[in-house]
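Here is the file query-v3.cif (mmCIF, C-alpha atoms and all ligand atoms).
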data_input
#
loop_
_atom_site.label_atom_id
_atom_site.label_comp_id
_atom_site.auth_asym_id
_atom_site.auth_seq_id
_atom_site.Cartn_x
_atom_site.Cartn_y
_atom_site.Cartn_z
CA MET A 1 -146.82 -81.27 -167.66
CA GLY A 2 -147.58 -81.89 -164.04
CA GLY A 3 -148.07 -84.84 -161.79
CA GLN A 4 -146.88 -86.83 -158.81
CA PHE A 5 -143.20 -85.89 -159.41
CA ASP A 6 -143.70 -82.11 -159.59
CA GLY A 7 -140.60 -80.35 -158.19
CA LYS A 8 -138.57 -83.58 -158.28
CA VAL A 9 -135.45 -84.39 -160.28
CA ALA A 10 -134.81 -87.70 -162.05
CA LEU A 11 -131.60 -88.95 -163.64
CA VAL A 12 -131.71 -91.57 -166.40
CA THR A 13 -128.58 -93.23 -167.79
CA GLY A 14 -128.88 -94.77 -171.24
CA GLY A 15 -131.57 -92.13 -171.73
CA GLY A 16 -131.09 -91.98 -175.49
CA SER A 17 -132.76 -95.29 -176.26
CA GLY A 18 -135.10 -98.07 -175.24
CA LEU A 19 -136.03 -98.34 -171.59
CA GLY A 20 -134.00 -95.25 -170.70
CA ARG A 21 -135.83 -93.12 -173.24
CA SER A 22 -139.30 -94.39 -172.32
CA SER A 23 -138.55 -93.87 -168.62
CA ALA A 24 -137.15 -90.36 -169.16
CA LEU A 25 -140.40 -89.53 -170.94
CA ALA A 26 -142.43 -91.10 -168.13
CA PHE A 27 -140.56 -89.15 -165.42
CA ALA A 28 -141.13 -85.92 -167.37
CA ARG A 29 -144.81 -86.76 -167.87
CA GLU A 30 -145.13 -87.08 -164.09
CA GLY A 31 -143.66 -83.59 -163.67
CA ALA A 32 -139.99 -84.33 -162.86
CA ARG A 33 -137.11 -82.37 -164.35
CA VAL A 34 -134.99 -84.99 -166.05
CA VAL A 35 -131.22 -85.35 -166.45
CA VAL A 36 -130.87 -87.45 -169.59
CA SER A 37 -127.43 -89.07 -169.85
CA ASP A 38 -125.96 -91.14 -172.64
CA VAL A 39 -122.64 -91.77 -174.37
CA ASN A 40 -124.33 -91.13 -177.71
CA MET A 41 -125.39 -87.48 -177.91
CA ASP A 42 -127.39 -87.89 -181.16
CA ILE A 43 -129.91 -90.26 -179.65
CA GLY A 44 -129.79 -88.35 -176.36
CA GLU A 45 -130.76 -85.23 -178.31
CA GLU A 46 -133.75 -87.10 -179.79
CA THR A 47 -135.00 -87.97 -176.29
CA VAL A 48 -134.54 -84.35 -175.19
CA ASN A 49 -136.59 -83.17 -178.18
CA MET A 50 -139.36 -85.66 -177.37
CA ILE A 51 -139.52 -84.46 -173.75
CA GLN A 52 -139.50 -80.79 -174.77
CA ASP A 53 -142.16 -81.40 -177.44
CA ALA A 54 -144.35 -82.67 -174.60
CA ASN A 55 -143.57 -79.53 -172.54
CA GLY A 56 -141.25 -81.37 -170.18
CA GLU A 57 -138.00 -80.03 -168.73
CA CYS A 58 -134.67 -81.77 -169.13
CA ILE A 59 -130.96 -81.45 -169.82
CA LEU A 60 -128.64 -83.77 -171.72
CA LEU A 61 -125.27 -84.79 -170.26
CA GLN A 62 -122.75 -87.02 -171.97
CA ALA A 63 -121.08 -89.80 -170.01
CA ASP A 64 -119.40 -93.02 -171.05
CA MET A 65 -120.33 -95.65 -168.48
CA LEU A 66 -116.88 -97.19 -168.96
CA GLU A 67 -115.23 -94.03 -167.59
CA ALA A 68 -115.44 -93.40 -163.83
CA THR A 69 -114.48 -89.73 -164.25
CA ASP A 70 -117.26 -89.21 -166.83
CA ILE A 71 -119.79 -90.60 -164.37
CA GLU A 72 -118.59 -88.45 -161.46
CA GLU A 73 -118.55 -85.31 -163.62
CA MET A 74 -122.00 -86.01 -165.06
CA MET A 75 -123.46 -86.46 -161.57
CA GLY A 76 -121.90 -83.17 -160.46
CA LYS A 77 -123.27 -81.27 -163.46
CA GLY A 78 -126.75 -82.74 -162.95
CA VAL A 79 -126.86 -81.58 -159.33
CA ASP A 80 -125.40 -78.18 -160.32
CA ALA A 81 -128.20 -77.78 -162.89
CA TYR A 82 -131.19 -78.85 -160.82
CA GLY A 83 -129.93 -78.70 -157.21
CA ARG A 84 -131.02 -82.17 -156.12
CA LEU A 85 -131.57 -85.78 -157.16
CA ASP A 86 -134.74 -87.58 -156.17
CA TYR A 87 -134.83 -90.55 -158.56
CA ALA A 88 -132.15 -92.37 -160.50
CA PHE A 89 -132.84 -94.97 -163.15
CA ASN A 90 -129.59 -96.70 -164.09
CA SER A 91 -130.50 -98.12 -167.47
CA ALA A 92 -127.37 -97.97 -169.66
CA GLY A 93 -126.44 -101.47 -170.70
CA VAL A 94 -125.23 -103.70 -173.49
CA GLY A 95 -125.31 -107.31 -174.58
CA PRO A 96 -122.32 -109.36 -175.70
CA ALA A 97 -120.95 -108.56 -179.16
CA LYS A 98 -121.27 -112.23 -180.05
CA SER A 99 -122.99 -115.11 -178.28
CA ALA A 100 -120.37 -117.66 -177.33
CA ARG A 101 -120.12 -120.36 -174.69
CA ILE A 102 -117.59 -119.70 -171.92
CA ASP A 103 -114.75 -121.68 -173.52
CA GLU A 104 -114.99 -119.55 -176.68
CA CYS A 105 -115.95 -116.25 -175.05
CA SER A 106 -113.77 -113.19 -175.76
CA ILE A 107 -112.17 -111.90 -172.55
CA LYS A 108 -112.20 -108.34 -173.88
CA ASP A 109 -115.92 -108.47 -174.64
CA TRP A 110 -116.67 -110.13 -171.29
CA ASP A 111 -114.93 -107.23 -169.52
CA ARG A 112 -116.78 -104.63 -171.65
CA VAL A 113 -120.20 -106.09 -170.85
CA VAL A 114 -119.50 -106.49 -167.13
CA ASN A 115 -118.00 -103.02 -166.85
CA ILE A 116 -120.92 -101.31 -168.58
CA ASN A 117 -123.69 -103.40 -167.00
CA LEU A 118 -122.31 -103.81 -163.48
CA ARG A 119 -119.32 -101.57 -162.67
CA SER A 120 -121.18 -98.52 -163.99
CA VAL A 121 -124.17 -99.27 -161.76
CA PHE A 122 -121.81 -99.32 -158.76
CA LEU A 123 -120.21 -96.04 -159.89
CA CYS A 124 -123.53 -94.34 -160.61
CA MET A 125 -124.93 -95.40 -157.26
CA LYS A 126 -121.78 -94.19 -155.48
CA TYR A 127 -122.47 -90.59 -156.57
CA GLU A 128 -126.27 -90.81 -156.57
CA LEU A 129 -126.19 -92.05 -152.96
CA ARG A 130 -123.84 -89.26 -151.86
CA GLN A 131 -126.39 -86.70 -153.05
CA MET A 132 -129.36 -88.62 -151.65
CA LEU A 133 -127.64 -88.93 -148.26
CA LYS A 134 -127.26 -85.14 -148.16
CA GLN A 135 -130.98 -84.79 -148.82
CA GLY A 136 -132.04 -87.68 -146.56
CA SER A 137 -134.18 -89.08 -149.36
CA GLY A 138 -134.08 -90.67 -152.79
CA VAL A 139 -135.02 -93.70 -154.83
CA ILE A 140 -132.78 -95.71 -157.14
CA VAL A 141 -133.97 -98.24 -159.69
CA ASN A 142 -131.35 -100.39 -161.40
CA VAL A 143 -131.98 -102.44 -164.52
CA ALA A 144 -131.22 -106.12 -164.15
CA SER A 145 -133.03 -108.66 -166.34
CA ILE A 146 -134.80 -112.00 -166.21
CA TYR A 147 -131.20 -113.13 -166.66
CA GLY A 148 -130.45 -111.57 -163.30
CA LEU A 149 -132.86 -114.12 -161.80
CA VAL A 150 -132.37 -117.25 -163.92
CA GLY A 151 -129.61 -118.60 -166.11
CA HIS A 152 -129.62 -118.88 -169.87
CA GLY A 153 -127.64 -121.41 -171.87
CA GLY A 154 -127.50 -119.20 -174.94
CA GLY A 155 -123.89 -118.06 -174.73
CA GLY A 156 -124.33 -114.84 -172.78
CA SER A 157 -122.32 -115.55 -169.61
CA SER A 158 -121.09 -111.94 -169.31
CA TYR A 159 -124.64 -110.60 -169.53
CA THR A 160 -126.16 -113.15 -167.15
CA SER A 161 -123.31 -112.70 -164.65
CA SER A 162 -123.55 -108.91 -164.75
CA LYS A 163 -127.31 -108.93 -164.26
CA HIS A 164 -127.19 -111.42 -161.35
CA ALA A 165 -124.58 -109.14 -159.78
CA VAL A 166 -126.80 -106.08 -160.29
CA VAL A 167 -129.46 -107.85 -158.23
CA GLY A 168 -126.91 -108.52 -155.46
CA LEU A 169 -125.64 -104.96 -155.59
CA THR A 170 -129.21 -103.63 -155.45
CA LYS A 171 -130.05 -105.71 -152.37
CA THR A 172 -126.80 -104.65 -150.68
CA ALA A 173 -127.46 -100.97 -151.35
CA ALA A 174 -131.04 -101.32 -150.12
CA LEU A 175 -129.80 -102.75 -146.82
CA GLU A 176 -126.96 -100.24 -146.41
CA TYR A 177 -129.26 -97.19 -146.76
CA ALA A 178 -132.63 -98.52 -145.56
CA LYS A 179 -132.63 -96.34 -142.44
CA GLU A 180 -131.65 -93.17 -144.30
CA GLY A 181 -134.72 -92.52 -146.41
CA ILE A 182 -133.29 -94.12 -149.53
CA ARG A 183 -134.92 -97.04 -151.36
CA VAL A 184 -133.08 -99.16 -153.95
CA ASN A 185 -134.81 -101.68 -156.21
CA ALA A 186 -134.21 -103.40 -159.54
CA VAL A 187 -136.47 -104.16 -162.47
CA CYS A 188 -135.91 -107.45 -164.25
CA PRO A 189 -137.45 -107.17 -167.71
CA GLY A 190 -138.18 -110.03 -170.04
CA TYR A 191 -137.35 -109.51 -173.72
CA THR A 192 -138.57 -106.01 -174.54
CA ARG A 193 -138.89 -104.31 -177.93
CA THR A 194 -135.89 -101.94 -177.94
CA PRO A 195 -132.85 -101.46 -180.19
CA LEU A 196 -130.90 -103.76 -177.82
CA ILE A 197 -132.61 -106.76 -179.40
CA GLN A 198 -132.90 -105.36 -182.95
CA GLY A 199 -131.06 -108.38 -184.35
CA LEU A 200 -133.71 -110.63 -182.86
CA LEU A 201 -136.61 -108.40 -183.97
CA ASP A 202 -135.25 -108.47 -187.55
CA ASN A 203 -135.64 -112.25 -187.56
CA PRO A 204 -139.36 -113.17 -187.43
CA GLU A 205 -138.76 -116.88 -186.79
CA LYS A 206 -136.42 -116.22 -183.90
CA THR A 207 -138.79 -113.55 -182.53
CA ALA A 208 -141.67 -116.05 -182.55
CA GLU A 209 -139.50 -118.55 -180.70
CA VAL A 210 -138.52 -116.02 -178.03
CA GLU A 211 -142.15 -114.88 -177.72
CA SER A 212 -143.06 -118.49 -176.97
CA TRP A 213 -140.58 -118.52 -174.03
CA HIS A 214 -142.80 -115.90 -172.33
CA PRO A 215 -146.05 -117.38 -170.91
CA MET A 216 -147.98 -114.35 -172.23
CA GLY A 217 -146.77 -115.35 -175.70
CA ARG A 218 -145.32 -111.95 -176.56
CA LEU A 219 -142.43 -109.57 -175.93
CA GLY A 220 -142.72 -106.51 -173.71
CA TRP A 221 -143.00 -102.86 -174.72
CA PRO A 222 -140.63 -100.29 -173.19
CA GLU A 223 -143.55 -98.38 -171.67
CA GLU A 224 -144.56 -101.50 -169.72
CA ILE A 225 -141.20 -101.43 -167.96
CA SER A 226 -141.25 -97.65 -167.42
CA GLU A 227 -144.63 -97.82 -165.69
CA VAL A 228 -143.04 -100.12 -163.10
CA VAL A 229 -140.01 -97.83 -162.76
CA VAL A 230 -142.33 -94.88 -162.06
CA TRP A 231 -144.29 -96.93 -159.54
CA LEU A 232 -141.12 -98.06 -157.75
CA CYS A 233 -140.05 -94.40 -157.46
CA SER A 234 -143.45 -93.22 -156.30
CA ASP A 235 -144.75 -92.93 -152.74
CA ALA A 236 -147.09 -95.82 -153.56
CA ALA A 237 -144.00 -98.05 -153.22
CA SER A 238 -142.85 -96.43 -149.95
CA PHE A 239 -142.27 -99.81 -148.18
CA VAL A 240 -140.57 -101.49 -151.16
CA THR A 241 -136.78 -101.78 -151.07
CA GLY A 242 -134.26 -104.44 -152.00
CA HIS A 243 -136.70 -105.96 -154.46
CA ALA A 244 -135.81 -107.39 -157.87
CA MET A 245 -139.11 -107.14 -159.70
CA ALA A 246 -139.66 -109.32 -162.75
CA VAL A 247 -141.61 -107.52 -165.48
CA ASP A 248 -141.58 -110.35 -167.92
CA GLY A 249 -144.95 -111.72 -169.02
CA GLY A 250 -144.44 -114.60 -166.58
CA TYR A 251 -141.01 -115.76 -167.84
CA VAL A 252 -139.40 -116.46 -164.45
CA ALA A 253 -142.59 -117.89 -162.95
CA GLN A 254 -142.08 -121.06 -165.00
N1 LIG B 301 -134.56 -104.81 -174.19
C1 LIG B 301 -134.56 -105.93 -173.48
O1 LIG B 301 -135.04 -106.98 -173.92
C2 LIG B 301 -133.98 -105.94 -172.08
C3 LIG B 301 -134.34 -106.98 -171.22
C4 LIG B 301 -133.81 -107.01 -169.94
C5 LIG B 301 -132.95 -106.02 -169.52
N2 LIG B 301 -132.62 -105.03 -170.39
C6 LIG B 301 -131.68 -104.02 -169.90
O2 LIG B 301 -132.27 -102.75 -169.98
C7 LIG B 301 -131.25 -101.77 -170.09
C8 LIG B 301 -131.58 -100.85 -171.24
O3 LIG B 301 -131.59 -101.62 -172.41
P1 LIG B 301 -132.46 -101.21 -173.67
O4 LIG B 301 -133.22 -102.41 -174.05
O5 LIG B 301 -133.13 -99.94 -173.42
O6 LIG B 301 -131.26 -101.08 -174.73
P2 LIG B 301 -130.92 -99.91 -175.77
O7 LIG B 301 -129.79 -100.46 -176.57
O8 LIG B 301 -132.15 -99.47 -176.45
O9 LIG B 301 -130.40 -98.74 -174.83
C9 LIG B 301 -129.20 -98.84 -174.13
C10 LIG B 301 -128.67 -97.44 -173.90
O10 LIG B 301 -127.43 -97.54 -173.17
C11 LIG B 301 -126.51 -96.65 -173.77
N3 LIG B 301 -125.14 -97.11 -173.57
C12 LIG B 301 -124.54 -98.23 -174.06
N4 LIG B 301 -123.25 -98.24 -173.73
C13 LIG B 301 -123.02 -97.12 -173.01
C14 LIG B 301 -121.87 -96.57 -172.39
N5 LIG B 301 -120.68 -97.15 -172.46
N6 LIG B 301 -122.01 -95.41 -171.75
C15 LIG B 301 -123.20 -94.77 -171.66
N7 LIG B 301 -124.32 -95.23 -172.23
C16 LIG B 301 -124.23 -96.40 -172.89
C17 LIG B 301 -126.85 -96.66 -175.25
O11 LIG B 301 -126.31 -95.53 -175.93
C18 LIG B 301 -128.36 -96.68 -175.21
O12 LIG B 301 -128.90 -95.41 -175.14
C19 LIG B 301 -129.95 -102.53 -170.27
O13 LIG B 301 -129.26 -102.56 -169.05
C20 LIG B 301 -130.40 -103.91 -170.68
O14 LIG B 301 -129.47 -104.90 -170.33
C21 LIG B 301 -133.13 -104.94 -171.64
#
Transcribe the structure of this file into C-alpha cells.
Amino acid sequence: MGGQFDGKVALVTGGGSGLGRSSALAFAREGARVVVSDVNMDIGEETVNMIQDANGECILLQADMLEATDIEEMMGKGVDAYGRLDYAFNSAGVGPAKSARIDECSIKDWDRVVNINLRSVFLCMKYELRQMLKQGSGVIVNVASIYGLVGHGGGGSSYTSSKHAVVGLTKTAALEYAKEGIRVNAVCPGYTRTPLIQGLLDNPEKTAEVESWHPMGRLGWPEEISEVVVWLCSDAASFVTGHAMAVDGGYVAQ
C-alpha cells in the first residue's frame, strides 16, 4: 500500500464494523498505519485481517467507550505502538435499544446511548488532542448524523440529542484548537448500509420507505462516508474546520 497518508497514523474507534471498518480500510489504503479499536475483539480481528490481506499495517486495541480508563489506556497504547497520531475517526456508536417517545423512554437506555455516542467522543478527543498538541498537528473527524442536524419524530430522542451534541462539541473543539494546527470536523451520514440498521435492512417495506426519505431514493454505502472522512483528513481540506458535513443523498437539503 502507499498513498497520501504514507508515514501517518490513524485511529478508528468502532473499527470492527460499518463506517469504522470501511474507514480503517480506507486509511490503510492511503498508506496510514491504523489503530483499530473496538469493544468487540472478534469483529475487530476481522477488520485487522482485511487490512493485512491488503498489505496494510494495523494493530487492534480493545476499549469500551463506556469506560474512561479504557479509552485513556487505549490511546496510550496506540501512541506507544506507532509514536504519533495524525488522524482520529471517532465512529463507535449505538442506537436506542427500543424506539420510544420521551414519556416512555427508558432512562437507563437513554444514558447508555448518550454515553457511548457523546461522552466517549469527548473522552476520545481529550486524549487525541493531548497527543496532537504535542505534535502541533492532527485532524479529528467525529461521526454525527443527519439527526445531528435535524430532528426525527421516530422515538430516538437519545440518539438525536447525542448527535446534535456531537456537532456542538465538534465546533467547540475546532474553535479551541484552530490556531494550533488541529482541525476538527464531523460527518453527518444519512441512513447507510451497516449492521447498525440491520433491523431496517431486514424489512424490505421499511427499507423502501426510508429510501424514499432520501432525495436520491436510496441508502448510502459505508465507502461513500469513508471517502469523505479521508478527504476531511487530507491536505485537500486544509482550510476546513468546525464543519458538520452532511453525506446523505440530499436528506437535510429538504
Ligand atoms: N449506519 C447509519 O445509517 C448511520 C447513520 C448516521 C450515523 N451513523 C453513526 O455512525 C457511527 C458508526 O455506525 P455504524 O453504522 O458503522 O454502526 P455499526 O453498528 O456497524 O458499528 C458500530 C461500532 O461501534 C462499536 N461499539 C458499540 N458500542 C461500543 C462501545 N461501548 N465501546 C466500543 N465500541 C463500541 C461496535 O462494536 C461497532 O464496531 C455511529 O456513531 C452511528 O451513530 C450511522
Using all atoms listed in the file, tabulate the residues of range 91-157 of chain A lying at most 12 Å from any atom of range 22-46 of chain A, each with its closest atom pair and that distance in Å to one decimal, by chain and increasing residue number, as a Markdown table.
| residue | atom | partner | partner_atom | distance |
| --- | --- | --- | --- | --- |
| A:Ser91 | CA | A:Ser23 | CA | 9.2 |
| A:Ala92 | CA | A:Asp38 | CA | 7.6 |
| A:Gly93 | CA | A:Asp38 | CA | 10.5 |
| A:Ile116 | CA | A:Val39 | CA | 11.3 |
| A:Cys124 | CA | A:Ser37 | CA | 11.3 |
| A:Val141 | CA | A:Ser23 | CA | 10.9 |
| A:Val143 | CA | A:Ser23 | CA | 11.6 |
Write a file of the just-selected residues containing C-alpha atoms, as a PDB file, in the frame of the given file.
ATOM      1  CA  SER A  91    -130.500 -98.120-167.470  1.00  0.00           C
ATOM      2  CA  ALA A  92    -127.370 -97.970-169.660  1.00  0.00           C
ATOM      3  CA  GLY A  93    -126.440-101.470-170.700  1.00  0.00           C
ATOM      4  CA  ILE A 116    -120.920-101.310-168.580  1.00  0.00           C
ATOM      5  CA  CYS A 124    -123.530 -94.340-160.610  1.00  0.00           C
ATOM      6  CA  VAL A 141    -133.970 -98.240-159.690  1.00  0.00           C
ATOM      7  CA  VAL A 143    -131.980-102.440-164.520  1.00  0.00           C
TER       8      VAL A 143
END
message: Show me which residues line ligand LIG 301 (chain B), defined as having an atom within 8 Å of a ligand atom where only C-alpha atoms and all ligand atoms count, and present them as number ranges by chain.
response: A: 13-21, 37-40, 43-44, 62-67, 90-95, 116-117, 143-147, 159, 163, 188-197, 220, 222
Min atom-atom distance to His164 in chain A from the set A:Gly148, A:Gly199, A:Gly181, A:Lys98, counting all atoms listed in the file, belongs to A:Gly148
Practice task
Might you pull out every residue within 12 Å of Leu149 in chain A, with all atoms listed in the file counted and same-chain residues fewer than 6 positions away left off, and present them as a count of residues only?
Solution key: 25
Original post:
If you count all atoms listed in the file, which residues fall within 9 Å of Asp109 in chain A, apart from same-chain ones fewer than 6 positions away, as a ChimeraX atom specification?
Top reply: /A:96-98,158
Separation of CA of Gln135 in chain A and CA of Ala81 in chain A, in Å?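 Going from CA of Gln135 in chain A over to CA of Ala81 in chain A, I get 16.0 Å.
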Pairwise distance, CA of Met50 in chain A with CA of Val12 in chain A, equals 14.6 Å
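The space between CA of Val240 in chain A and CA of Arg183 in chain A spans 7.2 Å.
Using only C-alpha atoms, the residues found no farther than 7 Å from Ser99 in chain A, other than those of its own chain fewer than 5 positions away, are Gly154, Gly155 and Gly156 of chain A.
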Any idea what's packed within 8 Å of Glu180 in chain A, counting all atoms listed in the file, ignoring anything in its chain fewer than 4 positions away? Could you give it as a ChimeraX atom specification? /A:133,136-137
Counting all atoms listed in the file, the option among A:Gln52, A:Gly249, A:Tyr82, A:Met125 closest to Glu224 in chain A:
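Comparing A:Gln52, A:Gly249, A:Tyr82, A:Met125 against Glu224 in chain A, the winner is A:Gly249.
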Mind checking which residues fall within 8 Å of Asp86 in chain A, counting all atoms listed in the file, ignoring those fewer than 4 positions away in the same chain, and posting them as an NGL selection string? :A and (8-10 or 132 or 137-139)
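Counting all atoms listed in the file, the residue from A:Asp80, A:Glu57, A:Asp111, A:Glu227 that sits nearest to Gln131 in chain A is A:Asp80.
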Using only C-alpha atoms, the residue out of A:Ala100, A:Leu129, A:Ala173, A:Ile182 with shortest distance to Ser238 in chain A is A:Ile182
